[in-house]
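Below is one structure; the comments refer to it alone.
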Amino acid sequence: MTTLPAEVDARFAVARQIADAVLFEGYVLYPYRASAAKNRLRWQFGVLVPPGYGQDSAEHSGQRTECVMEPKRGAALAVQLRFLRAQQRTVQRALPDGRFETVPELELADRVLQPWHEGIEERIELLVPIEQLAEEGVLHPFRLAAGEEQEPLHEDGALVGRLLRRREQLDGVLRLRTEEIPGPYRAVRLTAEVANTSPWLPPADGRREEALPYSLVSAHLLLGLDRGAFLSATDPPQWARAAVAECRNEHTWPVLVGGAGREDVVLSSPIILEDHPQVAPESPGALYDATEIDEILALRTAALTDREKREARGTDERAGAVIDLADSMPPEVLERLHGAVRALREVTAPTAGPEQPWWDPGNDSEVDPDRDQVVVDGRSVGAGSRVLLKPGRRRTDAQDLFLHGRTALVEAVLHDVDGSVHLAVTVEGDPGADLWRAQGRFRYFQPDEVAPLEES
């Protein structure tokens, strides 16, 4: 295996923060226990199965990346294929006669151990001069040998069991080639194909979990130019749009990574991302679960019972790290997870002098929620008007449907930046109406969701 030069690896290191999020997406799901039903079916993205299994499944044995790049003369392409290797862990209890028996669970003082597929990170690295990729390109087969390991388990100085870990042989191939793009620009289309070539064949009733040890899990590519630039797959320059549109990407998608303005590194990911993706600065660490937000995960994880936490620590080192993170998270870090506004910060960034909001309705003389009127069914409706609520199904909140046919008092007429009009109302007969009004909390309907009533 090629070792990348330090300067190339340093550029990849910046991109690996995003690549690691892809690599471990869905690695272990809340409640982070091997026994949980959610963790019986793992690894949904970028699983390249052996071709003998892929023929009868919805999963694939290969992925294809195509992108356009402008290498400078004498440039080299650095390639890093990264994936997880599913390592089967078996739990055994020590017997008095010195033998071991396989058990579904072994309870220790600090953790509860169960059988599990551990994910071992693997890398295949290449550094190839661009001129070698023309015509037939480069074909790089690789093989990861099978292996076994034992880990003795002691408690109070006595041997109580052991963990057996087994890795199966993995075979694969990485193909790289380029073709020139006609025109005055020195641009080429790069094709990078990854394929699982392991000869393993499933039994007649083969299950997915049996194929995982022979699969490339969460497979993705990091591509880097030491001199030159890649073109965005979503926002290329005008002259390259036709060439980029002809690129064929299968089961993966290339994006620019490494910080805004960088164009020398591409991540080809099985999860579709935007160019220059970022991990939220509020995120306290990897939580691995692919279906929930950090704040809820942290709160729920901290609320697990001691027994559940011990089982999570016995499931995997990464699951144990999540438990420790949730237990040690200070209140100010948890508060940051509640949310952050970023888009408006960019819009309202001051160009000179004190910061001014891009639109301040309180200082806009053209809008006045207390005085503005809107015409509904030929009649003017404003603050103080009585209306009949008739919410529709197209855009209405489900809770508002229960108010169909109720009468309400309009409190304000509001305009948003898109030109839409909203009526803020309190429901007549609601015993909490005065409280909502004092707090400025209303229900909102659009003009076509109300009908004016005769003034009493």
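We label chains A, B, ... in the order they appear in the structure tokens, count residues from 1 in each chain, and number ligands from 1 in the order shown.
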With 6 Å as the cut-off and only C-alpha atoms counted, what is the closest atom pair between each nearby residue of range 57-138 of chain A and range 212-235 of chain A? Distances in Å to one decimal, ordered by chain and number, as a Markdown table.
```
| residue | atom | partner | partner_atom | distance |
| --- | --- | --- | --- | --- |
| A:Val68 | CA | A:Leu231 | CA | 5.6 |
| A:Met69 | CA | A:Phe230 | CA | 4.1 |
| A:Glu70 | CA | A:Ala229 | CA | 5.3 |
| A:Pro71 | CA | A:Gly228 | CA | 4.2 |
| A:Lys72 | CA | A:Gly228 | CA | 5.1 |
| A:Ala75 | CA | A:Arg227 | CA | 5.2 |
| A:Ala76 | CA | A:Asp226 | CA | 6.0 |
| A:Leu77 | CA | A:Leu225 | CA | 5.0 |
| A:Ala78 | CA | A:Gly224 | CA | 4.9 |
| A:Val79 | CA | A:Leu223 | CA | 4.8 |
| A:Gln80 | CA | A:Leu222 | CA | 5.1 |
| A:Leu81 | CA | A:Leu221 | CA | 4.7 |
| A:Arg82 | CA | A:His220 | CA | 5.6 |
| A:Phe83 | CA | A:Ala219 | CA | 4.4 |
| A:Leu84 | CA | A:Val217 | CA | 4.8 |
| A:Ala86 | CA | A:Pro213 | CA | 4.8 |
```
Requested write-out: all heavy atoms of the selected residues, as a short mmCIF file (atom, residue, chain, number, x, y, z; two decimals), in the first residue's frame:
```
data_model
loop_
_atom_site.label_atom_id
_atom_site.label_comp_id
_atom_site.auth_asym_id
_atom_site.auth_seq_id
_atom_site.Cartn_x
_atom_site.Cartn_y
_atom_site.Cartn_z
N VAL A 68 -14.72 16.42 -13.38
CA VAL A 68 -13.84 17.14 -14.29
C VAL A 68 -12.79 17.87 -13.47
O VAL A 68 -13.09 18.46 -12.42
CB VAL A 68 -14.64 18.15 -15.14
CG1 VAL A 68 -13.72 18.98 -16.03
CG2 VAL A 68 -15.67 17.41 -15.99
N MET A 69 -11.55 17.82 -13.92
CA MET A 69 -10.47 18.50 -13.22
C MET A 69 -9.54 19.17 -14.21
O MET A 69 -9.50 18.81 -15.40
CB MET A 69 -9.70 17.53 -12.33
CG MET A 69 -9.06 16.37 -13.04
SD MET A 69 -8.24 15.22 -11.88
CE MET A 69 -7.47 14.07 -13.04
N GLU A 70 -8.79 20.15 -13.70
CA GLU A 70 -7.81 20.88 -14.50
C GLU A 70 -6.43 20.69 -13.86
O GLU A 70 -5.97 21.56 -13.11
CB GLU A 70 -8.17 22.36 -14.57
CG GLU A 70 -9.44 22.67 -15.31
CD GLU A 70 -9.69 24.17 -15.37
OE1 GLU A 70 -10.13 24.73 -14.35
OE2 GLU A 70 -9.43 24.78 -16.43
N PRO A 71 -5.76 19.59 -14.13
CA PRO A 71 -4.43 19.39 -13.55
C PRO A 71 -3.39 20.23 -14.28
O PRO A 71 -3.46 20.42 -15.50
CB PRO A 71 -4.18 17.90 -13.77
CG PRO A 71 -4.97 17.57 -15.00
CD PRO A 71 -6.18 18.46 -14.98
N LYS A 72 -2.43 20.72 -13.54
CA LYS A 72 -1.32 21.44 -14.16
C LYS A 72 -0.29 20.44 -14.66
O LYS A 72 -0.29 19.28 -14.26
CB LYS A 72 -0.72 22.42 -13.16
CG LYS A 72 -1.67 23.55 -12.77
CD LYS A 72 -1.00 24.56 -11.86
CE LYS A 72 -1.97 25.70 -11.52
NZ LYS A 72 -1.34 26.71 -10.62
N ALA A 75 1.36 17.24 -12.77
CA ALA A 75 0.60 17.02 -11.53
C ALA A 75 0.42 15.54 -11.26
O ALA A 75 0.51 14.69 -12.15
CB ALA A 75 -0.76 17.71 -11.61
N ALA A 76 0.15 15.23 -9.99
CA ALA A 76 -0.11 13.86 -9.56
C ALA A 76 -1.45 13.83 -8.83
O ALA A 76 -1.87 14.81 -8.21
CB ALA A 76 0.99 13.34 -8.65
N LEU A 77 -2.12 12.69 -8.93
CA LEU A 77 -3.40 12.48 -8.27
C LEU A 77 -3.20 11.59 -7.06
O LEU A 77 -2.66 10.48 -7.17
CB LEU A 77 -4.40 11.84 -9.24
CG LEU A 77 -5.77 11.49 -8.64
CD1 LEU A 77 -6.57 12.77 -8.39
CD2 LEU A 77 -6.54 10.55 -9.57
N ALA A 78 -3.61 12.07 -5.90
CA ALA A 78 -3.59 11.27 -4.68
C ALA A 78 -4.98 10.69 -4.46
O ALA A 78 -5.99 11.40 -4.58
CB ALA A 78 -3.18 12.13 -3.48
N VAL A 79 -5.05 9.41 -4.17
CA VAL A 79 -6.32 8.71 -3.99
C VAL A 79 -6.29 7.97 -2.66
O VAL A 79 -5.30 7.28 -2.34
CB VAL A 79 -6.58 7.71 -5.13
CG1 VAL A 79 -7.92 7.01 -4.94
CG2 VAL A 79 -6.52 8.40 -6.48
N GLN A 80 -7.36 8.11 -1.91
CA GLN A 80 -7.49 7.38 -0.66
C GLN A 80 -8.89 6.75 -0.63
O GLN A 80 -9.89 7.45 -0.53
CB GLN A 80 -7.30 8.32 0.54
CG GLN A 80 -7.12 7.59 1.86
CD GLN A 80 -6.76 8.54 2.99
OE1 GLN A 80 -7.63 9.14 3.58
NE2 GLN A 80 -5.46 8.67 3.27
N LEU A 81 -8.92 5.45 -0.76
CA LEU A 81 -10.16 4.69 -0.62
C LEU A 81 -10.30 4.30 0.85
O LEU A 81 -9.42 3.66 1.41
CB LEU A 81 -10.13 3.43 -1.50
CG LEU A 81 -11.21 2.38 -1.23
CD1 LEU A 81 -12.61 2.95 -1.48
CD2 LEU A 81 -10.97 1.13 -2.09
N ARG A 82 -11.38 4.72 1.48
CA ARG A 82 -11.60 4.46 2.90
C ARG A 82 -12.90 3.67 3.07
O ARG A 82 -13.89 3.94 2.41
CB ARG A 82 -11.69 5.78 3.68
CG ARG A 82 -10.51 6.69 3.47
CD ARG A 82 -10.74 8.06 4.09
NE ARG A 82 -10.55 8.04 5.54
CZ ARG A 82 -11.43 8.47 6.43
NH1 ARG A 82 -12.61 8.93 6.03
NH2 ARG A 82 -11.16 8.45 7.71
N PHE A 83 -12.87 2.72 3.97
CA PHE A 83 -14.07 1.94 4.26
C PHE A 83 -13.90 1.24 5.60
O PHE A 83 -12.79 1.21 6.16
CB PHE A 83 -14.35 0.91 3.16
CG PHE A 83 -13.22 -0.04 2.88
CD1 PHE A 83 -13.13 -1.26 3.53
CD2 PHE A 83 -12.24 0.28 1.95
CE1 PHE A 83 -12.09 -2.15 3.27
CE2 PHE A 83 -11.19 -0.59 1.67
CZ PHE A 83 -11.12 -1.81 2.34
N LEU A 84 -14.99 0.72 6.10
CA LEU A 84 -14.97 -0.07 7.32
C LEU A 84 -15.01 -1.54 6.96
O LEU A 84 -15.66 -1.95 6.00
CB LEU A 84 -16.16 0.27 8.23
CG LEU A 84 -16.20 1.67 8.84
CD1 LEU A 84 -17.46 1.85 9.66
CD2 LEU A 84 -14.96 1.92 9.70
N ALA A 86 -16.09 -5.12 8.57
CA ALA A 86 -16.89 -5.67 9.66
C ALA A 86 -16.17 -6.87 10.28
O ALA A 86 -15.95 -7.89 9.65
CB ALA A 86 -18.26 -6.10 9.14
#
```
Residues near Leu334 in chain A, anyone? I mean within 10 Å using only C-alpha atoms, not counting same-chain ones fewer than 4 positions away, as a tab-separated table (two decimals) with N, CA, C and O atoms, in the first residue's frame.
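What landed in result00.tsv:
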```tsv
chain	number	residue	atom	x	y	z
A	282	GLU	N	-21.37	23.57	16.91
A	282	GLU	CA	-22.01	23.26	18.18
A	282	GLU	C	-21.93	21.78	18.54
A	282	GLU	O	-22.14	21.41	19.69
A	283	SER	N	-21.66	20.92	17.56
A	283	SER	CA	-21.65	19.48	17.81
A	283	SER	C	-20.53	19.13	18.79
A	283	SER	O	-19.36	19.43	18.56
A	284	PRO	N	-20.86	18.45	19.90
A	284	PRO	CA	-19.84	18.17	20.92
A	284	PRO	C	-18.95	16.99	20.58
A	284	PRO	O	-17.91	16.79	21.21
A	294	ASP	N	-28.63	16.08	17.67
A	294	ASP	CA	-27.69	15.94	18.79
A	294	ASP	C	-28.33	16.23	20.14
A	294	ASP	O	-28.07	15.53	21.12
A	295	GLU	N	-29.16	17.26	20.21
A	295	GLU	CA	-29.72	17.65	21.51
A	295	GLU	C	-30.57	16.52	22.09
A	295	GLU	O	-30.43	16.16	23.25
A	296	ILE	N	-31.45	15.95	21.26
A	296	ILE	CA	-32.32	14.88	21.75
A	296	ILE	C	-31.51	13.65	22.08
A	296	ILE	O	-31.74	12.98	23.09
A	298	ALA	N	-28.37	13.52	23.13
A	298	ALA	CA	-27.64	13.74	24.37
A	298	ALA	C	-28.55	13.61	25.58
A	298	ALA	O	-28.19	12.98	26.59
A	299	LEU	N	-29.76	14.17	25.50
A	299	LEU	CA	-30.69	14.10	26.62
A	299	LEU	C	-31.15	12.67	26.87
A	299	LEU	O	-31.20	12.20	28.01
A	326	ALA	N	-22.21	12.06	26.94
A	326	ALA	CA	-23.50	12.54	27.44
A	326	ALA	C	-23.46	12.75	28.94
A	326	ALA	O	-24.06	13.71	29.46
A	329	MET	N	-21.37	16.13	29.73
A	329	MET	CA	-21.64	17.34	28.96
A	329	MET	C	-22.10	18.46	29.89
A	329	MET	O	-23.14	18.35	30.54
A	330	PRO	N	-21.37	19.57	29.95
A	330	PRO	CA	-21.79	20.68	30.81
A	330	PRO	C	-23.03	21.37	30.24
A	330	PRO	O	-23.30	21.29	29.04
A	338	HIS	N	-29.27	23.50	21.20
A	338	HIS	CA	-30.68	23.82	21.01
A	338	HIS	C	-30.94	24.44	19.64
A	338	HIS	O	-32.06	24.41	19.14
```
Residue list (alpha helix (DSSP H), DSSP) for range 99-275 of chain A, as a PDB file with all heavy atoms, in the first residue's frame:
```pdb
ATOM      1  N   ARG A 208     -28.042 -10.895   5.005  1.00  0.00           N
ATOM      2  CA  ARG A 208     -27.184  -9.745   4.801  1.00  0.00           C
ATOM      3  C   ARG A 208     -26.042  -9.716   5.814  1.00  0.00           C
ATOM      4  O   ARG A 208     -24.901  -9.391   5.464  1.00  0.00           O
ATOM      5  CB  ARG A 208     -28.006  -8.458   4.912  1.00  0.00           C
ATOM      6  CG  ARG A 208     -27.221  -7.168   4.664  1.00  0.00           C
ATOM      7  CD  ARG A 208     -28.163  -5.972   4.744  1.00  0.00           C
ATOM      8  NE  ARG A 208     -27.493  -4.725   4.421  1.00  0.00           N
ATOM      9  CZ  ARG A 208     -26.899  -3.930   5.309  1.00  0.00           C
ATOM     10  NH1 ARG A 208     -26.886  -4.256   6.595  1.00  0.00           N
ATOM     11  NH2 ARG A 208     -26.324  -2.806   4.920  1.00  0.00           N
ATOM     12  N   GLU A 209     -26.322 -10.048   7.075  1.00  0.00           N
ATOM     13  CA  GLU A 209     -25.277  -9.994   8.091  1.00  0.00           C
ATOM     14  C   GLU A 209     -24.158 -10.988   7.807  1.00  0.00           C
ATOM     15  O   GLU A 209     -23.029 -10.788   8.245  1.00  0.00           O
ATOM     16  CB  GLU A 209     -25.878 -10.254   9.467  1.00  0.00           C
ATOM     17  CG  GLU A 209     -26.475 -11.634   9.651  1.00  0.00           C
ATOM     18  CD  GLU A 209     -27.112 -11.797  11.017  1.00  0.00           C
ATOM     19  OE1 GLU A 209     -27.536 -10.799  11.618  1.00  0.00           O
ATOM     20  OE2 GLU A 209     -27.177 -12.961  11.479  1.00  0.00           O
ATOM     21  N   GLU A 210     -24.442 -12.038   7.045  1.00  0.00           N
ATOM     22  CA  GLU A 210     -23.381 -12.978   6.668  1.00  0.00           C
ATOM     23  C   GLU A 210     -22.487 -12.411   5.575  1.00  0.00           C
ATOM     24  O   GLU A 210     -21.319 -12.797   5.455  1.00  0.00           O
ATOM     25  CB  GLU A 210     -24.007 -14.293   6.195  1.00  0.00           C
ATOM     26  CG  GLU A 210     -24.765 -15.042   7.284  1.00  0.00           C
ATOM     27  CD  GLU A 210     -25.450 -16.278   6.738  1.00  0.00           C
ATOM     28  OE1 GLU A 210     -26.249 -16.135   5.768  1.00  0.00           O
ATOM     29  OE2 GLU A 210     -25.211 -17.373   7.260  1.00  0.00           O
ATOM     30  N   ALA A 211     -23.025 -11.489   4.772  1.00  0.00           N
ATOM     31  CA  ALA A 211     -22.234 -10.875   3.696  1.00  0.00           C
ATOM     32  C   ALA A 211     -21.390  -9.721   4.196  1.00  0.00           C
ATOM     33  O   ALA A 211     -20.382  -9.367   3.572  1.00  0.00           O
ATOM     34  CB  ALA A 211     -23.159 -10.397   2.577  1.00  0.00           C
ATOM     35  N   ARG A 241     -19.935  23.272 -18.276  1.00  0.00           N
ATOM     36  CA  ARG A 241     -21.210  22.694 -17.864  1.00  0.00           C
ATOM     37  C   ARG A 241     -21.600  21.464 -18.676  1.00  0.00           C
ATOM     38  O   ARG A 241     -22.122  20.484 -18.124  1.00  0.00           O
ATOM     39  CB  ARG A 241     -22.312  23.748 -17.927  1.00  0.00           C
ATOM     40  CG  ARG A 241     -22.171  24.791 -16.836  1.00  0.00           C
ATOM     41  CD  ARG A 241     -23.321  25.768 -16.808  1.00  0.00           C
ATOM     42  NE  ARG A 241     -23.152  26.713 -15.706  1.00  0.00           N
ATOM     43  CZ  ARG A 241     -23.985  27.700 -15.435  1.00  0.00           C
ATOM     44  NH1 ARG A 241     -25.065  27.871 -16.198  1.00  0.00           N
ATOM     45  NH2 ARG A 241     -23.754  28.515 -14.417  1.00  0.00           N
ATOM     46  N   ALA A 242     -21.374  21.491 -19.954  1.00  0.00           N
ATOM     47  CA  ALA A 242     -21.723  20.335 -20.786  1.00  0.00           C
ATOM     48  C   ALA A 242     -20.875  19.124 -20.402  1.00  0.00           C
ATOM     49  O   ALA A 242     -21.386  18.007 -20.304  1.00  0.00           O
ATOM     50  CB  ALA A 242     -21.551  20.673 -22.262  1.00  0.00           C
ATOM     51  N   ALA A 243     -19.587  19.332 -20.169  1.00  0.00           N
ATOM     52  CA  ALA A 243     -18.697  18.227 -19.803  1.00  0.00           C
ATOM     53  C   ALA A 243     -19.064  17.658 -18.438  1.00  0.00           C
ATOM     54  O   ALA A 243     -19.044  16.444 -18.236  1.00  0.00           O
ATOM     55  CB  ALA A 243     -17.245  18.701 -19.809  1.00  0.00           C
ATOM     56  N   VAL A 244     -19.397  18.531 -17.499  1.00  0.00           N
ATOM     57  CA  VAL A 244     -19.783  18.064 -16.164  1.00  0.00           C
ATOM     58  C   VAL A 244     -21.104  17.306 -16.228  1.00  0.00           C
ATOM     59  O   VAL A 244     -21.289  16.285 -15.557  1.00  0.00           O
ATOM     60  CB  VAL A 244     -19.870  19.251 -15.190  1.00  0.00           C
ATOM     61  CG1 VAL A 244     -20.510  18.825 -13.875  1.00  0.00           C
ATOM     62  CG2 VAL A 244     -18.475  19.826 -14.940  1.00  0.00           C
ATOM     63  N   ALA A 245     -22.031  17.784 -17.064  1.00  0.00           N
ATOM     64  CA  ALA A 245     -23.324  17.116 -17.187  1.00  0.00           C
ATOM     65  C   ALA A 245     -23.187  15.706 -17.742  1.00  0.00           C
ATOM     66  O   ALA A 245     -24.041  14.843 -17.479  1.00  0.00           O
ATOM     67  CB  ALA A 245     -24.249  17.948 -18.071  1.00  0.00           C
TER      68      ALA A 245
END
```
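Between CA of Gln238 in chain A and CA of Leu267 in chain A the separation is 22.5 Å.
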Among listed residues A:Ala424, A:Val387, A:Val14, A:Ala321, nearest Pro369 in chain A (using only C-alpha atoms):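 Using only C-alpha atoms, Pro369 in chain A sits closest to A:Ala424.
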Have a look at A:Leu201, A:Gly98, A:Ala187, A:Glu107 and name the one nearest to Leu159 in chain A; count only C-alpha atoms.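 Looking only at the distances to Leu159 in chain A, the closest residue turns out to be A:Gly98.
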Using only C-alpha atoms, what table do you get, as JSON lines, when you list each residue of range 244-267 of chain A with an atom no more than 12 Å from range 40-55 of chain A, its nearest pair of atoms, and their distance in Å rounded to one decimal, rows by chain then rising number?
```
{"residue": "A:Glu250", "atom": "CA", "partner": "A:Gly46", "partner_atom": "CA", "distance": 10.8}
{"residue": "A:His251", "atom": "CA", "partner": "A:Gly46", "partner_atom": "CA", "distance": 7.3}
{"residue": "A:Thr252", "atom": "CA", "partner": "A:Gly46", "partner_atom": "CA", "distance": 7.7}
{"residue": "A:Trp253", "atom": "CA", "partner": "A:Gly46", "partner_atom": "CA", "distance": 10.9}
```
